[in-house]
file protein_35.tsv (TSV, C-alpha atoms)
chain	number	residue	atom	x	y	z
A	1	MET	CA	194.15	79.12	112.06
A	2	ALA	CA	190.99	78.31	114.01
A	3	GLU	CA	192.60	75.14	115.33
A	4	GLU	CA	195.64	77.11	116.48
A	5	GLU	CA	193.44	79.62	118.38
A	6	GLN	CA	191.59	76.72	120.00
A	7	ARG	CA	194.88	75.19	121.11
A	8	ILE	CA	196.08	78.48	122.66
A	9	ASN	CA	192.82	79.46	124.36
A	10	GLY	CA	191.92	75.99	125.52
A	11	PRO	CA	188.46	74.40	125.40
A	12	GLY	CA	185.65	76.77	126.39
A	13	LYS	CA	187.85	79.81	127.13
A	14	ALA	CA	187.41	81.61	123.82
A	15	GLU	CA	183.78	82.48	124.68
A	16	ILE	CA	184.74	84.65	127.66
A	17	GLY	CA	188.33	85.35	126.69
A	18	LEU	CA	189.77	88.00	124.40
A	19	LYS	CA	189.20	88.73	120.76
A	20	PHE	CA	192.49	89.71	119.20
A	21	TYR	CA	191.81	92.99	117.44
A	22	ASP	CA	194.50	95.07	115.80
A	23	SER	CA	195.45	97.27	118.77
A	24	LEU	CA	196.61	96.48	122.28
A	25	SER	CA	194.27	99.14	123.71
A	26	SER	CA	191.25	97.45	122.13
A	27	ARG	CA	192.19	94.18	123.83
A	28	ILE	CA	192.62	95.91	127.21
A	29	GLU	CA	189.15	97.46	126.83
A	30	GLN	CA	187.69	93.95	126.65
A	31	PHE	CA	188.74	93.28	130.24
A	32	VAL	CA	186.07	95.70	131.52
A	33	ASN	CA	183.60	93.64	133.56
A	34	ASN	CA	185.01	90.50	131.95
A	35	GLU	CA	185.16	87.31	134.01
A	36	PHE	CA	188.17	86.18	131.99
A	37	MET	CA	191.18	86.16	134.39
A	38	SER	CA	189.19	88.26	136.91
A	39	ASP	CA	190.50	87.90	140.47
A	40	VAL	CA	188.13	90.27	142.29
A	41	THR	CA	184.38	90.88	142.00
A	42	PHE	CA	182.60	93.99	143.23
A	43	ILE	CA	179.03	93.56	144.50
A	44	VAL	CA	177.66	97.02	143.74
A	45	GLY	CA	174.57	98.87	144.92
A	46	PRO	CA	171.37	97.69	146.62
A	47	GLU	CA	170.67	95.33	143.71
A	48	LYS	CA	174.10	93.73	144.24
A	49	GLN	CA	175.21	93.91	140.65
A	50	ARG	CA	178.34	91.85	140.05
A	51	ILE	CA	181.19	93.68	138.32
A	52	PHE	CA	184.33	91.72	137.49
A	53	ALA	CA	187.76	93.37	137.74
A	54	HIS	CA	191.47	92.61	137.82
A	55	ARG	CA	193.60	93.60	140.80
A	56	LEU	CA	196.78	94.21	138.81
A	57	HIS	CA	195.06	96.74	136.57
A	58	LEU	CA	193.34	98.48	139.49
A	59	VAL	CA	196.44	98.81	141.68
A	60	THR	CA	198.39	100.13	138.70
A	61	ALA	CA	195.76	102.85	138.18
A	62	SER	CA	194.93	103.87	141.73
A	63	LYS	CA	196.68	104.23	145.07
A	64	TYR	CA	193.29	103.69	146.69
A	65	PHE	CA	193.02	100.17	145.23
A	66	TYR	CA	196.68	99.51	145.96
A	67	THR	CA	196.05	100.24	149.63
A	68	MET	CA	192.82	98.23	149.58
A	69	PHE	CA	194.43	95.08	148.19
A	70	TYR	CA	197.91	95.31	149.69
A	71	GLY	CA	197.27	97.14	152.95
A	72	ASN	CA	196.02	95.96	156.30
A	73	PHE	CA	192.38	95.84	155.23
A	74	ALA	CA	189.95	92.94	155.18
A	75	GLU	CA	189.39	93.45	151.44
A	76	ALA	CA	192.94	92.25	150.79
A	77	GLU	CA	191.83	88.69	151.58
A	78	LEU	CA	188.44	88.82	149.84
A	79	ASP	CA	187.57	87.71	146.34
A	80	GLU	CA	184.25	89.59	146.51
A	81	ILE	CA	183.96	93.12	147.84
A	82	GLU	CA	180.57	94.66	148.58
A	83	LEU	CA	180.01	98.34	147.73
A	84	LYS	CA	176.50	99.02	149.03
A	85	ASP	CA	176.51	102.81	148.50
A	86	GLU	CA	177.89	102.81	144.97
A	87	ASP	CA	175.78	103.50	141.88
A	88	PRO	CA	176.44	100.53	139.54
A	89	GLU	CA	176.21	102.68	136.41
A	90	ILE	CA	178.65	105.26	137.77
A	91	PHE	CA	181.00	102.56	139.01
A	92	ILE	CA	181.08	100.63	135.74
A	93	THR	CA	181.67	103.88	133.83
A	94	MET	CA	184.62	104.59	136.09
A	95	MET	CA	185.90	101.08	135.38
A	96	HIS	CA	185.70	101.80	131.65
A	97	ILE	CA	187.86	104.87	132.21
A	98	VAL	CA	190.37	102.88	134.28
A	99	TYR	CA	190.68	100.28	131.52
A	100	GLY	CA	190.97	102.94	128.81
A	101	ALA	CA	187.63	102.13	127.20
A	102	LYS	CA	185.35	104.72	125.59
A	103	VAL	CA	182.70	106.24	127.82
A	104	GLU	CA	179.73	108.54	127.34
A	105	ILE	CA	179.96	111.60	129.58
A	106	ASN	CA	176.92	113.83	129.88
A	107	ASP	CA	175.42	116.49	132.15
A	108	GLU	CA	173.70	113.84	134.23
A	109	ASN	CA	176.68	111.64	135.07
A	110	ILE	CA	179.77	113.87	134.99
A	111	LEU	CA	179.47	115.01	138.60
A	112	GLY	CA	178.97	111.50	139.97
A	113	ILE	CA	181.84	110.09	137.90
A	114	TYR	CA	184.15	112.91	138.93
A	115	ASN	CA	183.36	112.46	142.64
A	116	ARG	CA	184.03	108.68	142.47
A	117	MET	CA	187.25	109.23	140.55
A	118	LYS	CA	188.38	111.65	143.23
A	119	MET	CA	187.44	109.21	145.97
A	120	TYR	CA	189.32	106.36	144.32
A	121	LEU	CA	192.37	108.62	143.80
A	122	LEU	CA	192.63	108.22	140.05
A	123	PRO	CA	195.52	110.22	138.51
A	124	LYS	CA	194.97	113.29	136.34
A	125	GLU	CA	195.36	111.47	133.02
A	126	TYR	CA	192.15	109.53	133.67
A	127	TYR	CA	190.10	112.74	133.67
A	128	LYS	CA	190.55	113.30	129.93
A	129	PRO	CA	186.99	112.16	128.97
A	130	LEU	CA	185.51	114.62	131.47
A	131	ILE	CA	187.76	117.43	130.26
A	132	LYS	CA	186.84	116.70	126.64
A	133	PHE	CA	183.12	116.76	127.44
A	134	LEU	CA	183.39	120.19	129.07
A	135	SER	CA	185.77	121.56	126.42
A	136	ASP	CA	183.53	120.52	123.52
A	137	GLN	CA	180.73	122.70	124.92
A	138	ILE	CA	182.78	125.91	124.72
A	139	VAL	CA	181.68	127.37	121.40
A	140	ASP	CA	180.72	131.01	122.13
A	141	LYS	CA	180.60	133.72	124.80
A	142	ASP	CA	177.63	132.28	126.68
A	143	THR	CA	178.83	128.68	126.80
A	144	ALA	CA	182.30	129.87	127.82
A	145	MET	CA	180.97	131.54	130.97
A	146	LYS	CA	178.62	128.63	131.70
A	147	ILE	CA	181.46	126.09	131.58
A	148	PHE	CA	183.83	128.48	133.38
A	149	ARG	CA	181.43	128.58	136.30
A	150	GLU	CA	180.82	124.82	136.26
A	151	ASN	CA	184.54	124.14	136.09
A	152	ASN	CA	184.98	126.03	139.33
A	153	TYR	CA	184.06	122.69	140.96
A	154	TYR	CA	186.22	120.46	138.78
A	155	GLU	CA	189.20	122.85	138.54
A	156	PHE	CA	190.49	121.55	135.21
A	157	ALA	CA	193.18	124.05	134.19
A	158	SER	CA	192.86	123.25	130.47
A	159	VAL	CA	189.11	123.99	130.56
A	160	ASP	CA	189.70	127.34	132.25
A	161	ALA	CA	192.31	128.11	129.61
A	162	LEU	CA	189.67	127.71	126.88
A	163	CYS	CA	187.08	129.84	128.69
A	164	ILE	CA	189.24	132.72	129.87
A	165	PRO	CA	190.04	134.26	126.43
A	166	TYR	CA	186.29	134.83	125.90
A	167	ILE	CA	186.14	136.71	129.20
A	168	GLN	CA	189.34	138.63	128.54
A	169	ASN	CA	188.06	139.57	125.10
A	170	ASN	CA	184.62	140.87	126.01
A	171	PRO	CA	184.16	141.23	129.79
A	172	LEU	CA	181.60	144.02	129.54
A	173	TYR	CA	179.26	141.64	127.73
A	174	TYR	CA	179.15	139.51	130.88
A	175	PHE	CA	179.03	142.43	133.31
A	176	ARG	CA	175.72	143.64	131.87
A	177	LYS	CA	174.04	140.21	131.95
A	178	ASP	CA	171.28	139.85	134.53
A	179	ASP	CA	172.71	136.69	136.03
A	180	PHE	CA	176.20	138.15	136.45
A	181	SER	CA	175.21	139.64	139.81
A	182	LYS	CA	174.83	136.07	141.09
A	183	ILE	CA	178.28	134.98	140.01
A	184	GLU	CA	180.31	132.99	142.52
A	185	GLU	CA	182.98	134.83	144.50
A	186	GLU	CA	185.67	132.38	143.33
A	187	ILE	CA	184.82	133.10	139.69
A	188	MET	CA	184.92	136.86	140.27
A	189	ARG	CA	188.29	136.46	141.96
A	190	LYS	CA	189.67	134.72	138.86
A	191	ILE	CA	188.35	137.54	136.66
A	192	VAL	CA	189.76	140.27	138.89
A	193	CYS	CA	193.18	138.60	138.91
A	194	LEU	CA	193.43	138.43	135.11
A	195	GLN	CA	196.46	140.38	133.97
A	196	GLN	CA	194.95	141.03	130.54
A	197	ILE	CA	191.30	142.00	130.09
A	198	ASN	CA	189.44	144.52	127.92
A	199	CYS	CA	187.98	146.74	130.62
A	200	THR	CA	189.18	149.43	132.99
A	201	ASP	CA	189.65	149.13	136.74
A	202	GLU	CA	186.61	151.35	137.18
A	203	GLN	CA	184.49	148.93	135.19
A	204	LEU	CA	185.77	146.00	137.25
A	205	LEU	CA	184.91	147.85	140.46
A	206	PHE	CA	181.42	148.58	139.20
A	207	ALA	CA	180.93	144.88	138.44
A	208	LEU	CA	182.05	144.06	141.98
A	209	GLU	CA	179.56	146.50	143.45
A	210	THR	CA	176.78	144.81	141.48
A	211	CYS	CA	177.76	141.43	142.93
A	212	GLU	CA	178.13	142.88	146.43
A	213	PHE	CA	174.56	144.20	146.31
A	214	THR	CA	173.23	140.70	145.48
A	215	HIS	CA	175.47	138.50	147.68
A	216	ASN	CA	175.26	138.82	151.44
A	217	LYS	CA	178.62	137.08	151.95
A	218	PHE	CA	180.42	138.44	148.91
A	219	ASP	CA	183.86	139.65	150.05
A	220	SER	CA	184.02	142.63	147.74
A	221	LYS	CA	186.45	144.49	150.02
A	222	THR	CA	189.22	141.95	149.41
A	223	LEU	CA	188.41	141.77	145.70
A	224	LYS	CA	188.53	145.56	145.38
A	225	LYS	CA	192.03	145.47	146.83
A	226	LEU	CA	192.95	142.89	144.19
A	227	VAL	CA	191.70	145.25	141.50
A	228	SER	CA	193.99	147.99	142.80
A	229	ASN	CA	197.00	145.73	143.36
A	230	THR	CA	196.92	143.79	140.08
A	231	ALA	CA	199.04	145.10	137.23
A	232	ARG	CA	196.72	144.83	134.25
A	233	LYS	CA	196.88	145.33	130.46
A	234	TYR	CA	194.22	145.19	127.80
A	235	PHE	CA	193.73	141.95	125.89
A	236	ALA	CA	194.11	143.85	122.63
A	237	HIS	CA	196.60	145.75	120.47
A	238	LYS	CA	197.10	149.49	120.38
A	239	LEU	CA	196.59	151.03	116.93
A	240	PRO	CA	197.66	154.70	117.15
A	241	PHE	CA	196.32	157.56	115.08
A	242	LEU	CA	199.15	158.84	112.89
A	243	SER	CA	200.08	162.02	111.02
A	244	HIS	CA	198.38	164.57	113.18
A	245	THR	CA	199.24	166.95	115.98
A	246	THR	CA	197.14	168.34	118.77
A	247	TYR	CA	196.92	171.56	120.65
A	248	GLN	CA	194.93	172.97	123.51
A	249	GLN	CA	191.99	175.21	122.81
A	250	THR	CA	189.70	176.58	125.48
A	251	LEU	CA	186.25	175.88	124.13
A	252	THR	CA	182.96	174.75	125.55
A	253	ALA	CA	183.02	171.04	124.97
A	254	GLY	CA	180.08	169.69	123.05
A	255	ALA	CA	179.11	166.47	121.38
A	256	GLU	CA	181.43	165.78	118.47
A	257	THR	CA	180.81	163.01	115.96
A	258	PHE	CA	183.25	160.98	113.89
A	259	SER	CA	183.23	157.76	111.92
A	260	LEU	CA	185.53	154.78	111.39
A	261	LYS	CA	185.56	152.54	108.34
A	262	LEU	CA	187.66	149.43	107.80
A	263	THR	CA	188.66	149.46	104.13
A	264	SER	CA	191.28	146.70	103.93
A	265	GLY	CA	192.33	143.57	105.73
A	266	GLN	CA	189.73	141.39	107.44
A	267	ASN	CA	187.14	141.84	110.15
A	268	LEU	CA	188.64	143.54	113.16
A	269	SER	CA	187.34	143.60	116.74
A	270	LEU	CA	187.24	147.03	118.39
A	271	TYR	CA	187.29	147.21	122.20
A	272	GLY	CA	188.18	150.78	123.09
A	273	ILE	CA	189.17	154.25	121.97
A	274	GLY	CA	191.87	156.34	123.62
A	275	VAL	CA	191.09	160.06	123.88
A	276	TYR	CA	192.97	163.08	125.19
A	277	MET	CA	191.81	164.55	128.50
A	278	MET	CA	192.74	168.11	129.43
A	279	PRO	CA	194.15	168.91	132.90
A	280	THR	CA	191.55	169.65	135.56
A	281	VAL	CA	191.36	169.43	139.33
A	282	SER	CA	187.60	169.23	139.18
A	283	THR	CA	185.37	166.48	137.92
A	284	ALA	CA	185.48	165.48	134.28
A	285	LEU	CA	183.32	163.21	132.17
A	286	ALA	CA	183.79	161.38	128.89
A	287	ARG	CA	180.86	159.76	127.13
A	288	LEU	CA	180.97	157.70	123.93
A	289	CYS	CA	177.92	156.70	121.90
A	290	LEU	CA	177.50	154.52	118.80
A	291	ARG	CA	174.87	155.08	116.12
A	292	ASP	CA	172.73	151.97	115.67
A	293	ILE	CA	170.68	150.72	112.72
A	294	ASP	CA	167.76	152.90	113.83
A	295	ASN	CA	169.98	156.01	113.56
A	296	VAL	CA	169.92	156.45	117.32
A	297	TYR	CA	173.12	157.16	119.26
A	298	LYS	CA	173.33	154.72	122.15
A	299	GLU	CA	175.79	155.07	124.97
A	300	ILE	CA	178.50	152.40	124.96
A	301	CYS	CA	180.85	153.91	127.54
A	302	VAL	CA	180.87	156.64	130.17
A	303	LEU	CA	183.85	157.49	132.35
A	304	ASN	CA	183.94	159.91	135.30
A	305	PHE	CA	187.06	161.51	136.75
A	306	VAL	CA	186.80	162.99	140.22
A	307	LYS	CA	189.34	165.58	141.47
A	308	ARG	CA	192.58	164.30	140.04
A	309	LEU	CA	195.41	165.19	142.46
A	310	LYS	CA	198.02	165.78	139.74
A	311	PRO	CA	196.12	167.15	136.76
A	312	CYS	CA	197.94	166.90	133.45
A	313	LEU	CA	197.27	166.27	129.80
A	314	GLU	CA	196.64	162.55	129.57
A	315	ILE	CA	195.14	159.85	127.41
A	316	VAL	CA	192.22	157.91	128.85
A	317	ASP	CA	190.77	154.72	127.42
A	318	LEU	CA	187.05	154.40	126.82
A	319	MET	CA	186.48	150.63	126.82
A	320	PHE	CA	183.24	149.04	125.64
A	321	GLU	CA	181.74	145.75	124.50
A	322	GLU	CA	183.38	144.20	121.48
A	323	ILE	CA	182.39	145.75	118.15
A	324	VAL	CA	183.32	143.68	115.12
A	325	LEU	CA	184.27	146.10	112.35
A	326	ALA	CA	183.10	144.60	109.06
A	327	LEU	CA	184.81	145.57	105.83
A	328	ASN	CA	183.55	148.75	104.14
A	329	ARG	CA	180.92	149.49	106.75
A	330	THR	CA	180.88	152.92	108.37
A	331	TYR	CA	180.56	153.12	112.16
A	332	GLU	CA	179.49	156.51	113.49
A	333	PHE	CA	180.37	157.61	117.03
A	334	ARG	CA	179.52	160.59	119.19
A	335	LEU	CA	182.10	161.67	121.76
A	336	THR	CA	181.49	164.15	124.56
A	337	ILE	CA	184.21	165.31	126.93
A	338	GLN	CA	183.26	167.72	129.67
A	339	ASN	CA	185.72	169.41	132.03
A	340	ASN	CA	186.78	172.86	133.20
A	341	ASN	CA	189.67	173.53	130.89
A	342	GLY	CA	188.37	173.05	127.40
A	343	VAL	CA	189.18	170.34	124.93
A	344	VAL	CA	192.00	169.01	122.80
A	345	VAL	CA	191.40	169.57	119.10
A	346	PHE	CA	192.98	168.48	115.84
A	347	SER	CA	195.36	170.86	114.19
A	348	SER	CA	194.66	172.05	110.68
A	349	CYS	CA	197.45	169.94	109.15
A	350	GLY	CA	194.99	167.25	108.07
A	351	GLN	CA	192.95	164.37	109.32
A	352	PRO	CA	194.63	161.59	111.28
A	353	SER	CA	194.89	158.16	109.73
A	354	LEU	CA	195.09	154.57	110.84
A	355	LYS	CA	197.34	152.65	108.48
A	356	HIS	CA	199.04	149.30	108.75
A	357	LYS	CA	200.71	146.93	106.30
A	358	SER	CA	197.56	144.79	106.01
A	359	ILE	CA	194.90	147.00	107.65
A	360	ASN	CA	193.58	150.44	106.84
A	361	ILE	CA	190.87	152.29	108.76
A	362	THR	CA	189.65	155.61	107.42
A	363	PHE	CA	188.62	158.34	109.84
A	364	ALA	CA	186.13	161.10	109.08
A	365	GLN	CA	184.68	163.98	111.04
A	366	SER	CA	180.94	164.35	110.92
A	367	THR	CA	180.84	167.96	112.09
A	368	GLN	CA	181.90	171.14	110.31
A	369	ASN	CA	183.68	172.92	113.16
A	370	GLN	CA	187.27	172.24	114.15
A	371	ALA	CA	186.63	171.68	117.88
A	372	ASN	CA	186.85	167.94	117.67
A	373	ASN	CA	188.14	166.09	120.69
A	374	ALA	CA	191.38	164.47	119.58
A	375	LEU	CA	191.57	160.69	119.42
A	376	ALA	CA	194.85	159.03	120.39
A	377	HIS	CA	194.47	155.36	119.46
A	378	LEU	CA	192.18	152.36	119.07
A	379	TRP	CA	192.29	149.07	120.96
A	380	VAL	CA	191.73	146.32	118.41
A	381	LYS	CA	192.41	142.65	117.77
A	382	ASN	CA	192.01	140.31	114.87
A	383	PRO	CA	189.47	137.58	115.88
A	384	ASN	CA	192.05	134.90	115.04
A	385	CYS	CA	194.76	136.48	117.16
A	386	GLN	CA	195.27	135.05	120.64
A	387	LEU	CA	197.54	137.14	122.82
A	388	LYS	CA	199.77	135.09	125.07
A	389	GLU	CA	199.93	135.74	128.81
A	390	ASN	CA	201.81	138.98	129.55
A	391	GLN	CA	202.50	139.63	125.86
A	392	GLU	CA	203.03	143.29	125.15
A	393	PRO	CA	200.00	144.63	123.22
A	394	GLN	CA	202.20	146.99	121.22
A	395	SER	CA	204.01	144.01	119.69
A	396	TRP	CA	201.07	143.52	117.33
A	397	PHE	CA	202.67	145.61	114.58
A	398	SER	CA	205.72	143.37	114.30
A	399	GLU	CA	203.59	140.27	114.84
A	400	MET	CA	201.20	141.08	111.96
A	401	ASN	CA	203.88	142.17	109.47
call {"tool": "encode", "arguments": {"input": "protein_35.tsv", "output": "structure tokens"}}
result
Amino acid sequence: MAEEEQRINGPGKAEIGLKFYDSLSSRIEQFVNNEFMSDVTFIVGPEKQRIFAHRLHLVTASKYFYTMFYGNFAEAELDEIELKDEDPEIFITMMHIVYGAKVEINDENILGIYNRMKMYLLPKEYYKPLIKFLSDQIVDKDTAMKIFRENNYYEFASVDALCIPYIQNNPLYYFRKDDFSKIEEEIMRKIVCLQQINCTDEQLLFALETCEFTHNKFDSKTLKKLVSNTARKYFAHKLPFLSHTTYQQTLTAGAETFSLKLTSGQNLSLYGIGVYMMPTVSTALARLCLRDIDNVYKEICVLNFVKRLKPCLEIVDLMFEEIVLALNRTYEFRLTIQNNNGVVVFSSCGQPSLKHKSINITFAQSTQNQANNALAHLWVKNPNCQLKENQEPQSWFSEMN
């Protein structure tokens, strides 16, 4: 067998030639910076490092190299091409990518590699190592926003697709972060244009105002128009309260407390609570607080209504940061609704319930009087559930059954 290889390779060629591994791709990788059958040499950087390459492989991969070698350029006649301004390490890494060899992408070299790949007009399929490096870093809310902002330069659609569900899921988490006010206008535009996100238009506008205050050149006027003109749904499923009726009662609205407890199913993320708002032409306010481990009620949402032109009984959504409802743990809330025309209260026919084939949430009033502001529904989502673009939130019931 050794004699046969020697006959095929010829004397002396086996040392710089190919080693015949099992796969074709592994043999192609060996051509990287390999003098064997090389017909062009790049003299790279101030130290003039010699990097061997093969014209056929380069012109197949890149229109830039095709034009260089087969256009009306001096390089077409040269066996050695000098690249004084290139970084040898970046260039050889790019060559590894062109030949399909494994490369190590990191925070230090990704930008330089990307810029050279763009300059040399490499097709999209060659960017997979860069995309994988960015994608592998997306593991939680914070890394999702970090990579989302970095990817604004690279514009890899698949990377954005991994980051966006984190933002859709829990936008208010980001809005309250100190560094959110410094967010780039292009990133804010992407957020504003999302057709599914777990916050209200008012909360989006408030986030824009925060950015406007920090950025001198932040075009919040255009973005505010986008907020108004974008048809938007919540990135969650509506779980209605069942088996109860409501009626109007003119009472002085006070702080009413209630609790929710997940008693079956698995952990469920809670993003908002829909409540009834009585008609009023004046200002109205709804405030929702959650009792923490120190037994202190902390505000999680406040919503103001100013002079509604067509006052009517309506349901408003109080959206807040994601709360993961753990099994058999009681979550106590305090709800205050203030307006001119009283409140909506539960009838005496019994407490409402939240029941589903695989999920049950028990509801309890924490006060003795019957003047409780009526709840209409919850906005929830199983952590493993990923809503598709433009999917109707109400379809969750059929989807989960």
call {"tool": "residues_around", "arguments": {"input": "protein_35.tsv", "residues": "Ala255 (chain A)", "least_positions_apart": "6", "cutoff": "8 Å", "atoms": "all atoms listed in the file", "output": "PyMOL selection string"}}
result
chain A and resi 334-337
call {"tool": "residues_around", "arguments": {"input": "protein_35.tsv", "residues": "region 49-54 of chain A", "least_positions_apart": "4", "cutoff": "12 Å", "atoms": "only C-alpha atoms", "output": "mmCIF file with C-alpha atoms, keeping the file's coordinate frame"}}
result
data_model
loop_
_atom_site.group_PDB
_atom_site.id
_atom_site.type_symbol
_atom_site.label_atom_id
_atom_site.label_comp_id
_atom_site.auth_asym_id
_atom_site.auth_seq_id
_atom_site.Cartn_x
_atom_site.Cartn_y
_atom_site.Cartn_z
ATOM 1 C CA ILE A 28 192.620 95.910 127.210
ATOM 2 C CA GLU A 29 189.150 97.460 126.830
ATOM 3 C CA GLN A 30 187.690 93.950 126.650
ATOM 4 C CA PHE A 31 188.740 93.280 130.240
ATOM 5 C CA VAL A 32 186.070 95.700 131.520
ATOM 6 C CA ASN A 33 183.600 93.640 133.560
ATOM 7 C CA ASN A 34 185.010 90.500 131.950
ATOM 8 C CA GLU A 35 185.160 87.310 134.010
ATOM 9 C CA PHE A 36 188.170 86.180 131.990
ATOM 10 C CA MET A 37 191.180 86.160 134.390
ATOM 11 C CA SER A 38 189.190 88.260 136.910
ATOM 12 C CA ASP A 39 190.500 87.900 140.470
ATOM 13 C CA VAL A 40 188.130 90.270 142.290
ATOM 14 C CA THR A 41 184.380 90.880 142.000
ATOM 15 C CA PHE A 42 182.600 93.990 143.230
ATOM 16 C CA ILE A 43 179.030 93.560 144.500
ATOM 17 C CA VAL A 44 177.660 97.020 143.740
ATOM 18 C CA GLY A 45 174.570 98.870 144.920
ATOM 19 C CA LEU A 58 193.340 98.480 139.490
ATOM 20 C CA VAL A 59 196.440 98.810 141.680
ATOM 21 C CA THR A 60 198.390 100.130 138.700
ATOM 22 C CA ALA A 61 195.760 102.850 138.180
ATOM 23 C CA PHE A 65 193.020 100.170 145.230
ATOM 24 C CA TYR A 66 196.680 99.510 145.960
ATOM 25 C CA PHE A 69 194.430 95.080 148.190
ATOM 26 C CA ASP A 79 187.570 87.710 146.340
ATOM 27 C CA GLU A 80 184.250 89.590 146.510
ATOM 28 C CA ILE A 81 183.960 93.120 147.840
ATOM 29 C CA GLU A 82 180.570 94.660 148.580
ATOM 30 C CA LEU A 83 180.010 98.340 147.730
ATOM 31 C CA LYS A 84 176.500 99.020 149.030
ATOM 32 C CA ASP A 85 176.510 102.810 148.500
ATOM 33 C CA GLU A 86 177.890 102.810 144.970
ATOM 34 C CA ASP A 87 175.780 103.500 141.880
ATOM 35 C CA PRO A 88 176.440 100.530 139.540
ATOM 36 C CA GLU A 89 176.210 102.680 136.410
ATOM 37 C CA ILE A 90 178.650 105.260 137.770
ATOM 38 C CA PHE A 91 181.000 102.560 139.010
ATOM 39 C CA ILE A 92 181.080 100.630 135.740
ATOM 40 C CA THR A 93 181.670 103.880 133.830
ATOM 41 C CA MET A 94 184.620 104.590 136.090
ATOM 42 C CA MET A 95 185.900 101.080 135.380
ATOM 43 C CA HIS A 96 185.700 101.800 131.650
ATOM 44 C CA VAL A 98 190.370 102.880 134.280
ATOM 45 C CA TYR A 99 190.680 100.280 131.520
#
call {"tool": "residues_around", "arguments": {"input": "protein_35.tsv", "residues": "Lys225 (chain A)", "least_positions_apart": "5", "cutoff": "10 Å", "atoms": "all atoms listed in the file", "output": "number ranges by chain"}}
result
A: 192, 205, 220, 230
call {"tool": "atom_distance", "arguments": {"input": "protein_35.tsv", "atom1": "CA of Tyr127 (chain A)", "atom2": "CA of Tyr166 (chain A)"}}
result
23.7 Å
call {"tool": "closest_residue", "arguments": {"input": "protein_35.tsv", "among": "A:Leu268, A:Leu162, A:Ile113, A:Phe175", "to": "Val139 (chain A)", "atoms": "only C-alpha atoms"}}
result
A:Leu162
call {"tool": "atom_distance", "arguments": {"input": "protein_35.tsv", "atom1": "CA of Glu332 (chain A)", "atom2": "CA of Tyr174 (chain A)"}}
result
24.3 Å
call {"tool": "atom_distance", "arguments": {"input": "protein_35.tsv", "atom1": "CA of Lys221 (chain A)", "atom2": "CA of Ala161 (chain A)"}}
result
26.8 Å
call {"tool": "closest_residue", "arguments": {"input": "protein_35.tsv", "among": "A:Phe73, A:Phe180, A:Phe206, A:Tyr173", "to": "Ile323 (chain A)", "atoms": "only C-alpha atoms"}}
result
A:Tyr173
call {"tool": "closest_residue", "arguments": {"input": "protein_35.tsv", "among": "A:Lys132, A:Arg189, A:His377, A:Arg329", "to": "Ser264 (chain A)", "atoms": "only C-alpha atoms"}}
result
A:Arg329
call {"tool": "closest_residue", "arguments": {"input": "protein_35.tsv", "among": "A:Leu318, A:Thr362, A:Leu194, A:Glu104", "to": "Ser259 (chain A)", "atoms": "only C-alpha atoms"}}
result
A:Thr362
call {"tool": "closest_residue", "arguments": {"input": "protein_35.tsv", "among": "A:Thr222, A:Gln365, A:Asn72, A:Asn382", "to": "His237 (chain A)", "atoms": "all atoms listed in the file"}}
result
A:Asn382
call {"tool": "residues_around", "arguments": {"input": "protein_35.tsv", "residues": "Pro171 (chain A)", "least_positions_apart": "6", "cutoff": "12 Å", "atoms": "all atoms listed in the file", "output": "list of chain:residue names"}}
result
A:Lys141, A:Asp142, A:Ala144, A:Met145, A:Cys163, A:Ile164, A:Pro165, A:Lys177, A:Phe180, A:Met188, A:Ile191, A:Val192, A:Leu194, A:Gln196, A:Ile197, A:Asn198, A:Cys199, A:Thr200, A:Asp201, A:Gln203, A:Leu204, A:Ala207, A:Tyr234, A:Phe235, A:Tyr271, A:Met319, A:Phe320, A:Glu321, A:Glu322
call {"tool": "closest_residue", "arguments": {"input": "protein_35.tsv", "among": "A:Lys146, A:Lys381, A:Lys48, A:Lys261", "to": "Ile187 (chain A)", "atoms": "all atoms listed in the file"}}
result
A:Lys146
call {"tool": "residues_around", "arguments": {"input": "protein_35.tsv", "residues": "Asn152 (chain A)", "least_positions_apart": "2", "cutoff": "12 Å", "atoms": "only C-alpha atoms", "output": "list in words"}}
result
Leu134, Met145, Lys146, Ile147, Phe148, Arg149, Glu150, Tyr154, Glu155, Phe156, Ala157, Val159, Asp160, Cys163, Ile183, Glu184, Glu185, Glu186, Ile187, Met188, Arg189 and Lys190 of chain A
